[in-house]
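Data block below; observations after.
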Amino acid sequence: MTQVVASRVTRQTVGALADGAFKVLLAAVYIACAAPLGRLLGTPAWLMVVSGVALLIGGGIEIRYTRDRSMRTYTRLMIAYDSGWVLAALTGLLMARQGSRAGGEVWMGYQTAAPLVFAALLIAATPVQMASSTQRDASD
């Protein structure tokens with residue numbers, strides 16, 4: 001007997017999808033506007049492009065694994081990612097305020113490394129056991 005189990009879409013799932021979509025959108029902006037954004041932030045255009053590619057990979061993987069990983073895992077990773085983002089932004093701002101030209105590079109460096117770490121941890125996380133496969137095994 002075959003059973004069809006509809007996946008339940010929660011607010012957390014929508015939030016995880018939106019987070020991934022935002023990263024993909026931001027990646028497109030970084031890549032398309034690398035030169036002007038680089039000038040504004042005091043970073044080389046190549047760093048903007050590399051950061052855009054990293055965000056594109058991270059956001060794509062985040063969207064791809066939404067159904068396969070627990071929302072608890074997503075929530076923890078998003079909190080860690082966003083906390084690091086805030087710290088990197090504050091560090092970059094403080095550096096710029098003190099006259100350093102490396103503040104933008106610190107901020108963009110984080111945005112290059114963090115999405116790839118996020119994606120790697122998400123891929124390595126334990127997959128969610130699907131209720132439909134458990135029910136199917138029990139009915140066979």
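Lettering and numbering for the structure tokens are positional, with chains as A, B, ... in the shown order, residues counted from 1 in each chain, and ligands counted from 1 in the shown order.
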**Study point:** Distance query Ala102 (chain A) at most 8 Å, only C-alpha atoms, self and fewer than 3 positions along chain excluded, as JSON, numbers by chain
**Key:** {"A": [42, 43, 92, 95, 96, 105, 106]}
Residue selection dump (N, CA, C and O atoms) as a short mmCIF file (atom, residue, chain, number, x, y, z; two decimals), in the first residue's frame:
data_model
loop_
_atom_site.label_atom_id
_atom_site.label_comp_id
_atom_site.auth_asym_id
_atom_site.auth_seq_id
_atom_site.Cartn_x
_atom_site.Cartn_y
_atom_site.Cartn_z
N GLY A 42 35.47 50.14 -0.45
CA GLY A 42 36.93 50.14 -0.39
C GLY A 42 37.53 48.76 -0.56
O GLY A 42 38.57 48.45 0.02
N THR A 43 36.87 47.93 -1.34
CA THR A 43 37.36 46.57 -1.58
C THR A 43 37.57 46.36 -3.08
O THR A 43 36.92 47.02 -3.90
N GLY A 92 34.25 45.92 10.98
CA GLY A 92 34.54 46.71 9.79
C GLY A 92 34.21 48.18 9.99
O GLY A 92 34.99 49.06 9.58
N MET A 95 36.81 49.73 12.30
CA MET A 95 38.07 49.91 11.57
C MET A 95 37.99 51.12 10.65
O MET A 95 38.91 51.94 10.60
N ALA A 96 36.87 51.25 9.94
CA ALA A 96 36.69 52.39 9.04
C ALA A 96 36.64 53.69 9.82
O ALA A 96 37.21 54.71 9.39
N GLU A 105 37.00 45.19 3.59
CA GLU A 105 37.56 43.87 3.29
C GLU A 105 37.25 42.86 4.39
O GLU A 105 37.00 41.69 4.11
N VAL A 106 37.25 43.31 5.63
CA VAL A 106 36.89 42.42 6.74
C VAL A 106 35.44 41.97 6.58
O VAL A 106 35.12 40.78 6.68
#
**Study point:** Contacts of Val14 (chain A) within 12 Å, only C-alpha atoms, excl. fewer than 5 positions in-chain, as a list in words
**Key:**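 My reading of the contact set: Arg8, Val9, Asp19, Gly20, Ala21, Phe22, Glu62, Ile63, Thr66, Arg67, Met71, Tyr74 and Thr75 of chain A.
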Using the selection just defined, write its residues with N, CA and C atoms as a tab-separated table (two decimals), in the first residue's frame.
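Result written to selection-v2.tsv:
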chain	number	residue	atom	x	y	z
A	8	ARG	N	4.70	19.39	5.39
A	8	ARG	CA	4.11	20.51	6.11
A	8	ARG	C	5.04	21.70	6.01
A	9	VAL	N	4.54	22.79	5.50
A	9	VAL	CA	5.33	24.00	5.38
A	9	VAL	C	5.02	24.89	6.58
A	19	ASP	N	15.66	33.06	3.66
A	19	ASP	CA	17.06	33.35	3.95
A	19	ASP	C	17.95	32.93	2.78
A	20	GLY	N	17.70	31.73	2.26
A	20	GLY	CA	18.46	31.26	1.10
A	20	GLY	C	18.22	32.13	-0.13
A	21	ALA	N	16.97	32.50	-0.35
A	21	ALA	CA	16.63	33.34	-1.50
A	21	ALA	C	17.29	34.72	-1.38
A	22	PHE	N	17.32	35.27	-0.16
A	22	PHE	CA	17.97	36.56	0.05
A	22	PHE	C	19.45	36.47	-0.28
A	62	GLU	N	21.34	26.16	0.78
A	62	GLU	CA	20.35	26.39	1.84
A	62	GLU	C	18.94	26.09	1.33
A	63	ILE	N	18.63	26.54	0.13
A	63	ILE	CA	17.32	26.27	-0.45
A	63	ILE	C	17.15	24.78	-0.73
A	66	THR	N	16.41	22.44	2.44
A	66	THR	CA	15.33	22.84	3.35
A	66	THR	C	14.46	21.67	3.77
A	67	ARG	N	14.16	20.77	2.87
A	67	ARG	CA	13.29	19.63	3.20
A	67	ARG	C	14.06	18.49	3.87
A	71	MET	N	14.63	21.92	11.08
A	71	MET	CA	14.57	23.37	11.27
A	71	MET	C	15.39	23.80	12.49
A	74	TYR	N	18.74	24.37	11.00
A	74	TYR	CA	18.69	25.63	10.26
A	74	TYR	C	18.74	26.82	11.20
A	75	THR	N	17.92	26.77	12.24
A	75	THR	CA	17.84	27.89	13.17
A	75	THR	C	19.19	28.15	13.83
Check your understanding: If we count only C-alpha atoms, what is near Leu93 (chain A) at a cut-off of 7 Å, once residues fewer than 4 positions away on the same chain are taken out, given as a PyMOL selection string?
Key -> chain A and resi 89+97+103
Which residues of region 10-93 of chain A come within 12 Å of region 114-133 of chain A, and what is each one's closest atom pair and distance in Å (one decimal), counting only C-alpha atoms, sorted by chain and residue number, as a tab-separated table?
residue	atom	partner	partner_atom	distance
A:Ala16	CA	A:Leu122	CA	11.9
A:Asp19	CA	A:Pro115	CA	11.4
A:Gly20	CA	A:Pro115	CA	10.0
A:Lys23	CA	A:Pro115	CA	8.6
A:Val24	CA	A:Pro115	CA	10.7
A:Leu26	CA	A:Pro115	CA	11.9
A:Ala27	CA	A:Pro115	CA	10.7
A:Val50	CA	A:Leu116	CA	11.4
A:Ser51	CA	A:Pro115	CA	8.9
A:Gly52	CA	A:Pro115	CA	10.0
A:Val53	CA	A:Pro115	CA	9.7
A:Ala54	CA	A:Leu116	CA	6.1
A:Leu55	CA	A:Pro115	CA	5.6
A:Leu56	CA	A:Pro115	CA	8.5
A:Ile57	CA	A:Leu116	CA	7.2
A:Gly58	CA	A:Pro115	CA	4.7
A:Gly59	CA	A:Pro115	CA	7.4
A:Gly60	CA	A:Ala119	CA	8.8
A:Ile61	CA	A:Ala119	CA	6.0
A:Glu62	CA	A:Ala119	CA	6.6
A:Ile63	CA	A:Ala119	CA	10.2
A:Arg64	CA	A:Ile123	CA	9.9
A:Tyr65	CA	A:Leu122	CA	7.5
A:Thr66	CA	A:Leu122	CA	9.5
A:Arg67	CA	A:Val128	CA	8.0
A:Asp68	CA	A:Pro127	CA	5.4
A:Arg69	CA	A:Pro127	CA	5.0
A:Ser70	CA	A:Val128	CA	5.8
A:Met71	CA	A:Val128	CA	9.4
A:Arg72	CA	A:Val128	CA	10.6
A:Thr73	CA	A:Ala125	CA	7.5
A:Tyr74	CA	A:Leu122	CA	7.6
A:Thr75	CA	A:Leu122	CA	11.0
A:Arg76	CA	A:Phe118	CA	10.3
A:Leu77	CA	A:Phe118	CA	6.6
A:Met78	CA	A:Phe118	CA	8.2
A:Ile79	CA	A:Phe118	CA	10.7
A:Ala80	CA	A:Phe118	CA	8.9
A:Tyr81	CA	A:Ala114	CA	6.7
A:Asp82	CA	A:Ala114	CA	9.5
A:Ser83	CA	A:Ala114	CA	10.9
A:Gly84	CA	A:Ala114	CA	8.2
A:Trp85	CA	A:Ala114	CA	8.3
A:Ala88	CA	A:Ala114	CA	10.5
Practice item. Please return as number ranges by chain: the residues of chain A that backbone DSSP assigns to helix (DSSP H, G or I). Key: A: 11-32, 34-41, 45-64, 71-97, 103-124, 131-139
Practice item. Show which residues sit within 9 Å of Cys33 (chain A), as a PyMOL selection string. Count only C-alpha atoms, and ignore same-chain residues fewer than 6 positions away. Key: chain A and resi 45+48-49
